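Coordinates as given in entry06.json (JSON, C-alpha atoms):
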```
[["chain", "number", "residue", "atom", "x", "y", "z"],
["K", 1, "ALA", "CA", 20.35, 116.19, -88.30],
["K", 2, "HIS", "CA", 20.56, 118.06, -91.62],
["K", 3, "ALA", "CA", 19.18, 121.23, -90.07],
["K", 4, "ARG", "CA", 21.68, 120.89, -87.23],
["K", 5, "ARG", "CA", 24.55, 120.56, -89.73],
["K", 6, "LYS", "CA", 23.53, 123.80, -91.42],
["K", 7, "PHE", "CA", 23.64, 125.63, -88.08],
["K", 8, "ILE", "CA", 27.01, 124.08, -87.26],
["K", 9, "GLU", "CA", 28.32, 125.51, -90.55],
["K", 10, "ALA", "CA", 26.83, 128.89, -89.65],
["K", 11, "GLN", "CA", 28.42, 128.75, -86.20],
["K", 12, "LYS", "CA", 31.83, 128.02, -87.73],
["K", 13, "ALA", "CA", 31.44, 131.06, -89.99],
["K", 14, "GLN", "CA", 30.82, 133.49, -87.15],
["K", 15, "PRO", "CA", 33.63, 135.25, -85.25],
["K", 16, "LYS", "CA", 35.44, 133.31, -82.50],
["K", 17, "ASN", "CA", 34.02, 133.43, -78.98],
["K", 18, "LYS", "CA", 30.72, 134.78, -80.26],
["K", 19, "THR", "CA", 27.56, 132.99, -79.43],
["K", 20, "GLY", "CA", 24.65, 133.97, -81.55],
["K", 21, "LYS", "CA", 21.63, 132.76, -83.41],
["K", 22, "ALA", "CA", 23.38, 129.62, -84.67],
["K", 23, "GLY", "CA", 24.37, 128.72, -81.10],
["K", 24, "TRP", "CA", 20.83, 129.28, -79.87],
["K", 25, "ALA", "CA", 19.41, 127.03, -82.61],
["K", 26, "LEU", "CA", 21.98, 124.32, -81.85],
["K", 27, "ASN", "CA", 21.08, 124.51, -78.17],
["K", 28, "GLN", "CA", 17.38, 124.02, -78.96],
["K", 29, "ILE", "CA", 18.15, 121.12, -81.28],
["K", 30, "SER", "CA", 20.38, 119.62, -78.58],
["K", 31, "LYS", "CA", 17.49, 119.79, -76.13],
["K", 32, "LEU", "CA", 15.29, 117.91, -78.64],
["K", 33, "TYR", "CA", 17.91, 115.17, -78.89],
["K", 34, "GLY", "CA", 18.02, 115.08, -75.08],
["K", 35, "VAL", "CA", 14.29, 114.39, -74.97],
["K", 36, "GLU", "CA", 14.73, 111.67, -77.62],
["K", 37, "LYS", "CA", 17.45, 110.06, -75.53],
["K", 38, "GLN", "CA", 14.98, 109.82, -72.64],
["K", 39, "ALA", "CA", 12.27, 108.52, -74.98],
["K", 40, "ARG", "CA", 14.39, 105.87, -76.71],
["K", 41, "ALA", "CA", 13.39, 103.01, -74.39],
["K", 42, "LEU", "CA", 9.71, 103.98, -74.22],
["K", 43, "ALA", "CA", 6.80, 102.46, -76.10],
["K", 44, "PRO", "CA", 5.51, 104.64, -78.96],
["K", 45, "ALA", "CA", 2.51, 105.93, -76.97],
["K", 46, "ALA", "CA", 4.69, 106.93, -74.00],
["K", 47, "ARG", "CA", 7.27, 108.45, -76.37],
["K", 48, "GLN", "CA", 4.47, 110.48, -77.96],
["K", 49, "ALA", "CA", 3.31, 111.71, -74.56],
["K", 50, "LEU", "CA", 6.85, 112.72, -73.59],
["K", 51, "ARG", "CA", 7.29, 114.55, -76.88],
["K", 52, "ASP", "CA", 3.99, 116.39, -76.40],
["K", 53, "GLN", "CA", 5.10, 117.44, -72.94],
["K", 54, "GLN", "CA", 8.75, 118.34, -73.64],
["K", 55, "SER", "CA", 9.54, 118.51, -77.37],
["K", 56, "ARG", "CA", 6.47, 120.37, -78.60],
["K", 57, "PRO", "CA", 7.20, 123.49, -76.48],
["K", 58, "LEU", "CA", 10.82, 123.46, -77.74],
["K", 59, "ILE", "CA", 9.58, 123.26, -81.33],
["K", 60, "THR", "CA", 7.13, 126.12, -80.71],
["K", 61, "GLN", "CA", 9.99, 128.26, -79.34],
["K", 62, "LEU", "CA", 12.16, 127.32, -82.30],
["K", 63, "ARG", "CA", 9.42, 128.29, -84.78],
["K", 64, "THR", "CA", 8.86, 131.67, -83.09],
["K", 65, "TRP", "CA", 12.61, 132.32, -83.10],
["K", 66, "LEU", "CA", 12.86, 131.22, -86.75],
["K", 67, "ASP", "CA", 10.12, 133.59, -87.90],
["K", 68, "LYS", "CA", 11.75, 136.50, -86.05],
["K", 69, "SER", "CA", 15.31, 135.65, -87.14],
["K", 70, "GLN", "CA", 14.60, 135.28, -90.85],
["K", 71, "ALA", "CA", 13.74, 138.98, -91.05],
["K", 72, "GLN", "CA", 16.99, 139.94, -89.28],
["K", 73, "VAL", "CA", 19.54, 137.90, -91.25],
["K", 74, "LEU", "CA", 20.89, 138.22, -94.77],
["K", 75, "PRO", "CA", 19.45, 135.35, -96.82],
["K", 76, "LYS", "CA", 22.75, 134.52, -98.58],
["K", 77, "SER", "CA", 24.78, 134.28, -95.36],
["K", 78, "THR", "CA", 25.50, 130.86, -93.89],
["K", 79, "LEU", "CA", 23.06, 131.60, -91.08],
["K", 80, "GLY", "CA", 20.49, 132.83, -93.60],
["K", 81, "LYS", "CA", 20.87, 129.58, -95.56],
["K", 82, "ALA", "CA", 20.45, 127.55, -92.36],
["K", 83, "LEU", "CA", 17.31, 129.50, -91.47],
["K", 84, "HIS", "CA", 15.93, 129.10, -94.99],
["K", 85, "TYR", "CA", 16.60, 125.35, -94.89],
["K", 86, "LEU", "CA", 14.91, 125.03, -91.50],
["K", 87, "ASP", "CA", 11.88, 126.97, -92.73],
["K", 88, "GLY", "CA", 11.64, 125.03, -96.01],
["K", 89, "GLN", "CA", 11.87, 121.65, -94.29],
["K", 90, "TRP", "CA", 9.71, 122.57, -91.29],
["K", 91, "PRO", "CA", 6.79, 120.17, -91.95],
["K", 92, "ARG", "CA", 9.20, 117.26, -92.44],
["K", 93, "LEU", "CA", 11.38, 118.22, -89.48],
["K", 94, "THR", "CA", 8.43, 118.43, -87.10],
["K", 95, "ARG", "CA", 6.62, 115.31, -88.32],
["K", 96, "PHE", "CA", 8.11, 113.29, -85.45],
["K", 97, "LEU", "CA", 5.75, 115.16, -83.08],
["K", 98, "ASP", "CA", 2.71, 113.48, -84.68],
["K", 99, "ASP", "CA", 3.65, 109.84, -84.10],
["K", 100, "GLY", "CA", 5.71, 108.13, -81.40],
["K", 101, "CYS", "CA", 7.01, 105.64, -83.98],
["K", 102, "ILE", "CA", 8.68, 108.31, -86.12],
["K", 103, "PRO", "CA", 12.30, 109.01, -85.15],
["K", 104, "LEU", "CA", 13.58, 112.55, -84.62],
["K", 105, "ASP", "CA", 15.96, 112.15, -87.56],
["K", 106, "ASN", "CA", 16.63, 109.72, -90.37],
["K", 107, "ASN", "CA", 20.29, 109.03, -89.61],
["K", 108, "PRO", "CA", 19.81, 105.25, -89.28],
["K", 109, "ALA", "CA", 18.24, 105.11, -92.75],
["K", 110, "GLU", "CA", 20.99, 107.27, -94.22],
["K", 111, "ASN", "CA", 23.67, 105.12, -92.61],
["K", 112, "ALA", "CA", 22.04, 102.01, -94.08],
["K", 113, "ILE", "CA", 22.19, 103.36, -97.65],
["K", 114, "ARG", "CA", 25.64, 104.90, -97.35],
["K", 115, "PRO", "CA", 27.46, 101.80, -98.72],
["K", 116, "PHE", "CA", 25.39, 102.06, -101.89],
["K", 117, "VAL", "CA", 26.06, 105.76, -102.27],
["K", 118, "VAL", "CA", 29.79, 105.20, -101.82],
["K", 119, "GLY", "CA", 29.59, 102.18, -104.10],
["K", 120, "ARG", "CA", 28.21, 104.20, -107.02],
["K", 121, "LYS", "CA", 31.70, 105.24, -108.05],
["K", 122, "ASN", "CA", 32.90, 101.66, -107.81],
["K", 123, "TRP", "CA", 30.03, 100.48, -109.99],
["K", 124, "LEU", "CA", 31.24, 102.72, -112.80],
["K", 125, "PHE", "CA", 34.00, 100.18, -113.29],
["K", 126, "SER", "CA", 31.61, 97.30, -113.96],
["K", 127, "HIS", "CA", 32.23, 97.33, -117.69],
["K", 128, "THR", "CA", 29.86, 94.48, -118.50],
["K", 129, "PRO", "CA", 26.35, 93.56, -117.40],
["K", 130, "SER", "CA", 27.64, 90.33, -115.86],
["K", 131, "GLY", "CA", 30.26, 92.29, -113.88],
["K", 132, "ALA", "CA", 27.55, 94.66, -112.62],
["K", 133, "GLN", "CA", 25.37, 91.69, -111.62],
["K", 134, "ALA", "CA", 28.26, 90.08, -109.76],
["K", 135, "SER", "CA", 28.94, 93.34, -107.89],
["K", 136, "ALA", "CA", 25.26, 93.71, -107.01],
["K", 137, "ALA", "CA", 25.13, 90.13, -105.75],
["K", 138, "ILE", "CA", 28.18, 90.61, -103.52],
["K", 139, "TYR", "CA", 26.87, 93.93, -102.15],
["K", 140, "SER", "CA", 23.51, 92.27, -101.45],
["K", 141, "LEU", "CA", 25.17, 89.43, -99.56],
["K", 142, "ILE", "CA", 27.30, 91.82, -97.53],
["K", 143, "GLU", "CA", 24.41, 94.11, -96.57],
["K", 144, "THR", "CA", 22.12, 91.16, -95.79],
["K", 145, "ALA", "CA", 24.81, 89.72, -93.53],
["K", 146, "LYS", "CA", 25.14, 93.07, -91.74],
["K", 147, "ALA", "CA", 21.36, 93.39, -91.39],
["K", 148, "ASN", "CA", 21.32, 89.97, -89.71],
["K", 149, "GLY", "CA", 24.16, 90.84, -87.31],
["K", 150, "LEU", "CA", 26.72, 88.64, -89.07],
["K", 151, "SER", "CA", 30.35, 89.27, -89.88],
["K", 152, "PRO", "CA", 30.25, 89.91, -93.65],
["K", 153, "TYR", "CA", 33.71, 88.43, -94.18],
["K", 154, "GLY", "CA", 32.92, 85.29, -92.15],
["K", 155, "TYR", "CA", 29.54, 84.89, -93.82],
["K", 156, "LEU", "CA", 30.98, 85.24, -97.35],
["K", 157, "GLN", "CA", 33.72, 82.78, -96.46],
["K", 158, "HIS", "CA", 31.08, 80.32, -95.27],
["K", 159, "VAL", "CA", 29.00, 80.82, -98.45],
["K", 160, "PHE", "CA", 31.96, 80.40, -100.80],
["K", 161, "GLU", "CA", 33.23, 77.31, -98.98],
["K", 162, "THR", "CA", 29.81, 75.66, -98.68],
["K", 163, "LEU", "CA", 28.25, 76.59, -102.02],
["K", 164, "PRO", "CA", 30.22, 74.10, -104.16],
["K", 165, "THR", "CA", 29.12, 71.21, -101.93],
["K", 166, "LEU", "CA", 25.37, 71.92, -102.07],
["K", 167, "ASN", "CA", 22.80, 71.05, -104.68],
["K", 168, "GLU", "CA", 20.21, 73.65, -105.74],
["K", 169, "ASP", "CA", 17.58, 72.30, -103.36],
["K", 170, "ASP", "CA", 19.83, 72.94, -100.33],
["K", 171, "LEU", "CA", 20.65, 76.61, -101.04],
["K", 172, "SER", "CA", 18.32, 77.82, -98.29],
["K", 173, "ALA", "CA", 20.93, 76.53, -95.82],
["K", 174, "LEU", "CA", 23.13, 79.45, -96.95],
["K", 175, "LEU", "CA", 20.63, 82.11, -95.96],
["K", 176, "PRO", "CA", 22.09, 84.40, -93.30],
["K", 177, "TRP", "CA", 19.50, 83.57, -90.65],
["K", 178, "HIS", "CA", 20.61, 79.91, -90.81],
["K", 179, "TRP", "CA", 24.20, 80.79, -89.99],
["K", 180, "LYS", "CA", 25.30, 81.35, -86.39],
["K", 181, "GLU", "CA", 28.41, 83.57, -86.33],
["K", 182, "THR", "CA", 27.74, 87.15, -85.30],
["K", 183, "LEU", "CA", 29.53, 90.46, -85.65],
["K", 184, "PRO", "CA", 32.25, 91.05, -83.05],
["K", 185, "THR", "CA", 31.15, 93.38, -80.25]]
```
Please lay out the structure from this file as structure tokens.
Amino acid sequence: AHARRKFIEAQKAQPKNKTGKAGWALNQISKLYGVEKQARALAPAARQALRDQQSRPLITQLRTWLDKSQAQVLPKSTLGKALHYLDGQWPRLTRFLDDGCIPLDNNPAENAIRPFVVGRKNWLFSHTPSGAQASAAIYSLIETAKANGLSPYGYLQHVFETLPTLNEDDLSALLPWHWKETLPT
């Protein structure tokens, strides 16, 4: 996904109505995502076999094109930067070919940590250690609720309404997997 973004930036920088190297790279990357869409429902071994059959040749073509293109493009141009990024990250970007359990990109992981990245600026305003601990506790509850398919607002409401009525031995009843409401579809 990161490599694709670099080529999208390069494509935006080129003249209108001109297809070029950035467009070719984006087309190849799009084909890889097409294979992954087919492979999504497969077991890891079958996904691996499909990747060997369809994705590996696309990656081989992309590598050949990359080696040729790097010599033809100015390194400081947006396309040159995209090519340099692709080359520098190549072992990581092609790792998915080695194991059917490895996803093509890490977007789900990045989306999972995004609230914490966004929250960093908010945490600057926790002027005391107890305020920072309270913020961390709330963020933990919210993300745990999401991870368990619960409505964070509904779950927090349940916790805050139920907590005063429980003794310390009953706190496990507040764990998200003991609560039934789910996120709206």
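If you look at CA of Tyr153 (chain K) and CA of Asp169 (chain K), they are 24.6 Å away from each other.
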For CA of Pro75 (chain K) and CA of Pro57 (chain K), determine how far apart the two atoms are, in Å to one decimal place.
->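 Straight-line distance from CA of Pro75 (chain K) to CA of Pro57 (chain K) works out to 26.5 Å.
Going from CA of Ala137 (chain K) over to CA of Asn111 (chain K), you cover 20.0 Å.
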Mind listing whatever residues come within 10 Å of the point (20.2, 123.0, -94.8)? Use all atoms listed in the file, file coordinates, and give them as number ranges by chain.
-> K: 1-7, 9, 78-89
Residues near region 172-179 of chain K, cut-off 12 Å, all atoms listed in the file, skip fewer than 5 positions along chain, as number ranges by chain | K: 140-152, 154-167
Using only C-alpha atoms, which of the listed residues (K:Ser30, K:Thr19, K:Thr94, K:Gln72) sits closest to Thr60 (chain K)?
->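 Among the listed residues, the smallest separation from Thr60 (chain K) belongs to K:Thr94.
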If you count all atoms listed in the file, the residue of K:Ala132, K:Ala45, K:Leu124, K:Leu50 closest to Asp99 (chain K) turns out to be K:Ala45
Which one is closest to Lys37 (chain K): K:Gly23, K:Pro91, K:Pro103, K:Pro15? Count only C-alpha atoms.
->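 Nearest to Lys37 (chain K): K:Pro103.
Comparing K:Val35, K:Gln133, K:Leu66, K:Arg92 by their smallest distance to Gln54 (chain K), the closest is K:Val35 (using only C-alpha atoms).
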Determine the nearest neighbour of Leu26 (chain K) from the options K:Gln11, K:Ser135, K:Ser55, K:Ser77, counting all atoms listed in the file.
->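 Of the candidates, the smallest distance to Leu26 (chain K) is held by K:Gln11.
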Just need the box for region 69-82 of chain K, edges along x, y and z, holding every atom the file lists for it with 3 Å tacked onto each side, so centre and edge lengths in Å to one decimal, as AutoDock Vina command-line options.
```
--center_x 19.6 --center_y 133.7 --center_z -92.9 --size_x 17.8 --size_y 18.4 --size_z 17.4
```
